[in-house]
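Report on the structure given below.
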Number of protein chains: 2
Amino acid sequence: MHERPHSEVGGNASRRILEAARTVAMREGAGKVTIESVAREAGLSKGGVLYNYPSKKALLAGLLDQMLTAHRELFERLPENQSSRTLRGHLETIVQTEGVDDDLSMAILAAAASDPQLLDPLRKELTGDIERILSETQDAPAAMIAALAIQGLRFQRLLKLPDGGADLKRRVVERLRTMIDELEEKTH
Amino acid sequence: MHERPHSEVGGNASRRILEAARTVAMREGAGKVTIESVAREAGLSKGGVLYNYPSKKALLAGLLDQMLTAHRELFERLPENQSSRTLRGHLETIVQTEGVDDDLSMAILAAAASDPQLLDPLRKELTGDIERILSETQDAPAAMIAALAIQGLRFQRLLKLPDGGADLKRRVVERLRTMIDELEEKTH
DNA sequence: ATGACTGTACCATCCGGTCGGTTAAGTTCA
DNA sequence: TGAACTTAACCGACCGGATGGTACAGTCAT
């Protein structure tokens, strides 16, 4: 089974298309994510993109789905019995994607701008996460505040809002980690 | 000098147009904010809108400017010598706009989707806010986390993400208030 | 040959922006 | 006074480019 230049089998082209969509979104903004621009970035034609995703909505839905899946997979790599596991996962996800052209948020923005309904899967996922976060602690408000701060970090990065500098940001992450540790202690 | 049925004096129509833009953004999503849809909502024609704002960019810039101004005015109503004044202002801004179809965030989203550069005034404003927040406390990471959590609340509401219920949300706001109070104590 | 996949030409729609009216009020001046 | 003119505010037809989507012929590995 050697390399095939065409007919990339299964979801290979599909994945490349999604990656192209993320690249375009990051580089030119959510509003510039068009089928043509994605096709150009992915190195194929508009028809090729539409063969893999029958509509733009489907493309964006696929994009969101891929990122949610990646998100879930990252969680499964975390130690099983750790307290505040969900919260920790959210935080480390952000830290790990530092500087990477690859963030969930831009997909969210692109989706929300074109059709708010596309966010439904994300909402469902987050509902589960919140439930888990709350079940993992006995100080619900504190846990929620940590979760909100993490969300804040996401959007701050996404919109390139000022963040007080790299040094402070590092200390913020540190502090969030200790906050989560303290939540754990309270639970015991 | 009697009432004039036409020519609404000064910026009356302009303000109505901005309000219409916010209404459309909230009801149909940021992507549906077009000059025509705004015109329809404001009760005038496309030409009328473009008479008041010579381009869509100008409209969105005006929208953001209006909201930043409102934001600043809210701050000026807060007691002068209160500690952590800026942080408190951000929090109370959110609480006050609870349930109102009138939030800064949607303007942000609409602007970001069409042209990220439009967010520059917001970035400038926020840079000042962060500086002030940091100068008002001696526990910079804690203050920043509170600020981030507040931003998180904003986007949570904007994207209609799950929030754990009204009860928890109320307790979160309470807890944020005491967090800010504690920042104040540390400063003394 | 066949079926998975690609590329291109094309269409219909939408959207931002232009432009030549139009209406009503105010101003000038004989 | 009132006719001529100016100005502010707005209208709506239209244009050009972008965009989502379709149709269809072609290509390539098996």
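Chain labels follow the order of the structure tokens: the first chain is A, the next B, and so on; residue numbering restarts at 1 in every chain, and ligands are counted from 1 in their shown order.
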May I have the residues of chain A within 9 Å of chain B, counting only C-alpha atoms, written as a JSON list (two decimals) with C-alpha atoms, in the first residue's frame?
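Done, and the output landed in selection12.json:
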[["chain", "number", "residue", "atom", "x", "y", "z"],
["A", 28, "GLU", "CA", -7.30, 36.68, 8.30],
["A", 29, "GLY", "CA", -10.11, 36.67, 10.83],
["A", 30, "ALA", "CA", -13.28, 34.69, 11.23],
["A", 31, "GLY", "CA", -15.15, 36.71, 8.63],
["A", 32, "LYS", "CA", -12.74, 35.73, 5.89],
["A", 109, "LEU", "CA", -16.17, 32.79, 16.57],
["A", 110, "ALA", "CA", -16.44, 31.82, 12.93],
["A", 112, "ALA", "CA", -21.14, 32.05, 15.91],
["A", 113, "ALA", "CA", -20.88, 34.79, 13.34],
["A", 114, "SER", "CA", -22.40, 32.76, 10.56],
["A", 115, "ASP", "CA", -25.00, 30.81, 12.50],
["A", 116, "PRO", "CA", -25.35, 30.82, 16.29],
["A", 119, "LEU", "CA", -22.67, 26.30, 18.74],
["A", 120, "ASP", "CA", -25.20, 23.82, 20.08],
["A", 122, "LEU", "CA", -20.31, 23.14, 22.16],
["A", 123, "ARG", "CA", -23.06, 24.13, 24.55],
["A", 124, "LYS", "CA", -23.90, 20.53, 25.18],
["A", 126, "LEU", "CA", -19.81, 22.61, 28.15],
["A", 127, "THR", "CA", -22.93, 21.74, 30.07],
["A", 130, "ILE", "CA", -19.73, 22.34, 34.19],
["A", 131, "GLU", "CA", -21.63, 19.52, 35.79],
["A", 134, "LEU", "CA", -19.22, 21.21, 40.10],
["A", 140, "ALA", "CA", -18.95, 25.68, 43.52],
["A", 141, "PRO", "CA", -18.52, 29.45, 43.15],
["A", 142, "ALA", "CA", -14.74, 29.24, 43.41],
["A", 144, "MET", "CA", -16.87, 28.42, 38.55],
["A", 145, "ILE", "CA", -14.73, 31.50, 38.87],
["A", 146, "ALA", "CA", -11.68, 29.52, 37.90],
["A", 147, "ALA", "CA", -13.55, 28.14, 34.91],
["A", 148, "LEU", "CA", -14.67, 31.61, 33.92],
["A", 149, "ALA", "CA", -11.16, 32.98, 34.21],
["A", 150, "ILE", "CA", -9.96, 30.23, 31.90],
["A", 151, "GLN", "CA", -12.66, 31.15, 29.41],
["A", 152, "GLY", "CA", -11.58, 34.75, 29.78],
["A", 153, "LEU", "CA", -8.04, 33.77, 28.87],
["A", 154, "ARG", "CA", -9.34, 32.09, 25.74],
["A", 155, "PHE", "CA", -11.16, 35.09, 24.44],
["A", 156, "GLN", "CA", -8.42, 37.43, 25.46],
["A", 159, "LEU", "CA", -9.34, 38.87, 20.19],
["A", 160, "LYS", "CA", -5.78, 39.89, 20.91],
["A", 161, "LEU", "CA", -6.91, 41.90, 23.88],
["A", 162, "PRO", "CA", -4.21, 43.24, 26.19],
["A", 163, "ASP", "CA", -3.12, 40.76, 28.82],
["A", 164, "GLY", "CA", -0.76, 42.63, 31.08],
["A", 168, "LEU", "CA", 1.89, 38.42, 34.55],
["A", 169, "LYS", "CA", 0.18, 35.84, 32.37],
["A", 171, "ARG", "CA", 1.88, 34.16, 37.19],
["A", 172, "VAL", "CA", -1.84, 34.07, 36.51],
["A", 173, "VAL", "CA", -1.60, 30.51, 35.26],
["A", 174, "GLU", "CA", 0.45, 29.59, 38.30],
["A", 175, "ARG", "CA", -2.11, 31.12, 40.59],
["A", 176, "LEU", "CA", -4.95, 29.34, 38.83]]
Q.
I need the contact residues of chain A against chain D, so if you could list those with any atom within 8 Å, counting only C-alpha atoms (C1' of nucleotides), and return them as a VMD selection string, that would help.
A. chain A and resid 6 34 to 35 55 to 56
So that I have them on file, write out the residues from the current selection with C-alpha atoms, as a compact mmCIF listing (two decimals), in the first residue's frame.
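result_28.txt was written with the following content:
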# COMPACT_ATOMS: atom_id res chain seq x y z
CA HIS A 6 -5.00 11.42 -5.56
CA THR A 34 -15.00 31.31 2.81
CA ILE A 35 -15.13 28.07 0.89
CA SER A 55 -22.14 23.07 2.63
CA LYS A 56 -20.36 25.76 4.54
Output as an mmCIF file with N, CA and C atoms (P, O5', C5', C4', C3', O3' and C1' of nucleotides), in the first residue's frame the set of chain C residues within 12 Å of chain B, with distances taken over only C-alpha atoms (C1' of nucleotides).
data_model
loop_
_atom_site.group_PDB
_atom_site.id
_atom_site.type_symbol
_atom_site.label_atom_id
_atom_site.label_comp_id
_atom_site.auth_asym_id
_atom_site.auth_seq_id
_atom_site.Cartn_x
_atom_site.Cartn_y
_atom_site.Cartn_z
ATOM 1 P P DC C 14 -30.973 36.731 -1.232
ATOM 2 O "O5'" DC C 14 -29.656 37.377 -0.597
ATOM 3 C "C5'" DC C 14 -28.587 36.515 -0.198
ATOM 4 C "C4'" DC C 14 -27.380 37.362 0.105
ATOM 5 C "C3'" DC C 14 -27.713 38.701 0.764
ATOM 6 O "O3'" DC C 14 -26.827 38.906 1.847
ATOM 7 C "C1'" DC C 14 -26.397 39.057 -1.176
ATOM 8 P P DC C 15 -27.220 39.994 2.938
ATOM 9 O "O5'" DC C 15 -25.878 40.836 3.010
ATOM 10 C "C5'" DC C 15 -24.687 40.351 2.375
ATOM 11 C "C4'" DC C 15 -23.826 41.521 1.981
ATOM 12 C "C3'" DC C 15 -24.227 42.851 2.618
ATOM 13 O "O3'" DC C 15 -23.089 43.457 3.173
ATOM 14 C "C1'" DC C 15 -24.085 43.067 0.258
ATOM 15 P P DG C 16 -23.268 44.707 4.186
ATOM 16 O "O5'" DG C 16 -22.260 45.762 3.555
ATOM 17 C "C5'" DG C 16 -20.957 45.346 3.189
ATOM 18 C "C4'" DG C 16 -20.400 46.264 2.142
ATOM 19 C "C3'" DG C 16 -20.489 47.749 2.478
ATOM 20 O "O3'" DG C 16 -19.265 48.375 2.152
ATOM 21 C "C1'" DG C 16 -21.585 47.327 0.423
ATOM 22 P P DG C 17 -18.969 49.870 2.660
ATOM 23 O "O5'" DG C 17 -19.349 50.709 1.372
ATOM 24 C "C5'" DG C 17 -18.693 50.374 0.141
ATOM 25 C "C4'" DG C 17 -19.318 51.111 -1.003
ATOM 26 C "C3'" DG C 17 -19.645 52.589 -0.739
ATOM 27 O "O3'" DG C 17 -18.955 53.372 -1.693
ATOM 28 C "C1'" DG C 17 -21.463 51.482 -1.785
ATOM 29 P P DT C 18 -19.121 54.957 -1.770
ATOM 30 O "O5'" DT C 18 -19.914 55.191 -3.131
ATOM 31 C "C5'" DT C 18 -19.632 54.358 -4.256
ATOM 32 C "C4'" DT C 18 -20.507 54.768 -5.429
ATOM 33 C "C3'" DT C 18 -20.752 56.272 -5.551
ATOM 34 O "O3'" DT C 18 -20.606 56.637 -6.919
ATOM 35 C "C1'" DT C 18 -22.833 55.140 -5.431
ATOM 36 P P DC C 19 -20.578 58.188 -7.332
ATOM 37 O "O5'" DC C 19 -22.071 58.458 -7.832
ATOM 38 C "C5'" DC C 19 -22.764 57.421 -8.524
ATOM 39 C "C4'" DC C 19 -24.164 57.887 -8.845
ATOM 40 C "C3'" DC C 19 -24.344 59.406 -8.803
ATOM 41 O "O3'" DC C 19 -25.182 59.814 -9.866
ATOM 42 C "C1'" DC C 19 -25.855 58.394 -7.300
ATOM 43 P P DT C 23 -41.599 64.881 -3.915
ATOM 44 O "O5'" DT C 23 -41.877 65.007 -2.355
ATOM 45 C "C5'" DT C 23 -41.268 64.068 -1.461
ATOM 46 C "C4'" DT C 23 -40.844 64.787 -0.195
ATOM 47 C "C3'" DT C 23 -41.602 66.082 0.099
ATOM 48 O "O3'" DT C 23 -42.077 66.023 1.426
ATOM 49 C "C1'" DT C 23 -39.282 66.446 0.286
ATOM 50 P P DA C 24 -43.297 66.979 1.869
ATOM 51 O "O5'" DA C 24 -42.567 67.872 2.959
ATOM 52 C "C5'" DA C 24 -41.855 67.231 4.007
ATOM 53 C "C4'" DA C 24 -40.862 68.192 4.610
ATOM 54 C "C3'" DA C 24 -41.436 69.572 4.963
ATOM 55 O "O3'" DA C 24 -40.978 69.924 6.246
ATOM 56 C "C1'" DA C 24 -39.503 69.834 3.683
ATOM 57 P P DA C 25 -41.889 70.896 7.149
ATOM 58 O "O5'" DA C 25 -40.814 71.969 7.646
ATOM 59 C "C5'" DA C 25 -39.641 71.516 8.287
ATOM 60 C "C4'" DA C 25 -38.497 72.398 7.889
ATOM 61 C "C3'" DA C 25 -38.715 73.898 8.130
ATOM 62 O "O3'" DA C 25 -37.980 74.319 9.258
ATOM 63 C "C1'" DA C 25 -37.567 73.439 6.066
ATOM 64 P P DG C 26 -38.037 75.881 9.672
ATOM 65 O "O5'" DG C 26 -36.784 76.516 8.904
ATOM 66 C "C5'" DG C 26 -35.506 75.934 9.087
ATOM 67 C "C4'" DG C 26 -34.481 76.653 8.217
ATOM 68 C "C3'" DG C 26 -34.462 78.174 8.422
ATOM 69 O "O3'" DG C 26 -33.110 78.612 8.426
ATOM 70 C "C1'" DG C 26 -34.842 77.691 6.140
#
Q.
Which residues are near A:Glu73? Cut-off 12 Å, only C-alpha atoms (C1' of nucleotides), ignore same chain within fewer than 4 positions. Put them as a PyMOL selection string.
A. chain A and resi 66-69+77-78+89-90+93
Q.
Please return, as a PyMOL selection string, all residues of stretch 44-137 of chain B that DSSP assigns to alpha helix (DSSP H) on the basis of the backbone.
A. chain B and resi 46-52+56-76+85-96+104-114+120-135
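The two atoms in question, atom CA of B:Ala166 and atom CA of B:Glu98, are spaced 11.1 Å apart.
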Q: For atom CA of B:Ser84 and atom CA of B:Arg72, quote the distance in Å rounded to one decimal.
A: 15.5 Å
Q: Please identify all polymer residues within 9 Å of A:Ala42, counting only C-alpha atoms (C1' of nucleotides), omitting same-chain residues fewer than 5 positions from it, and present them as number ranges by chain.
A: A: 13, 16-21, 37, 49
Q. Atom CA of B:Arg40 and atom C1' of C:DT13 are how many Å apart?
A. 18.8 Å
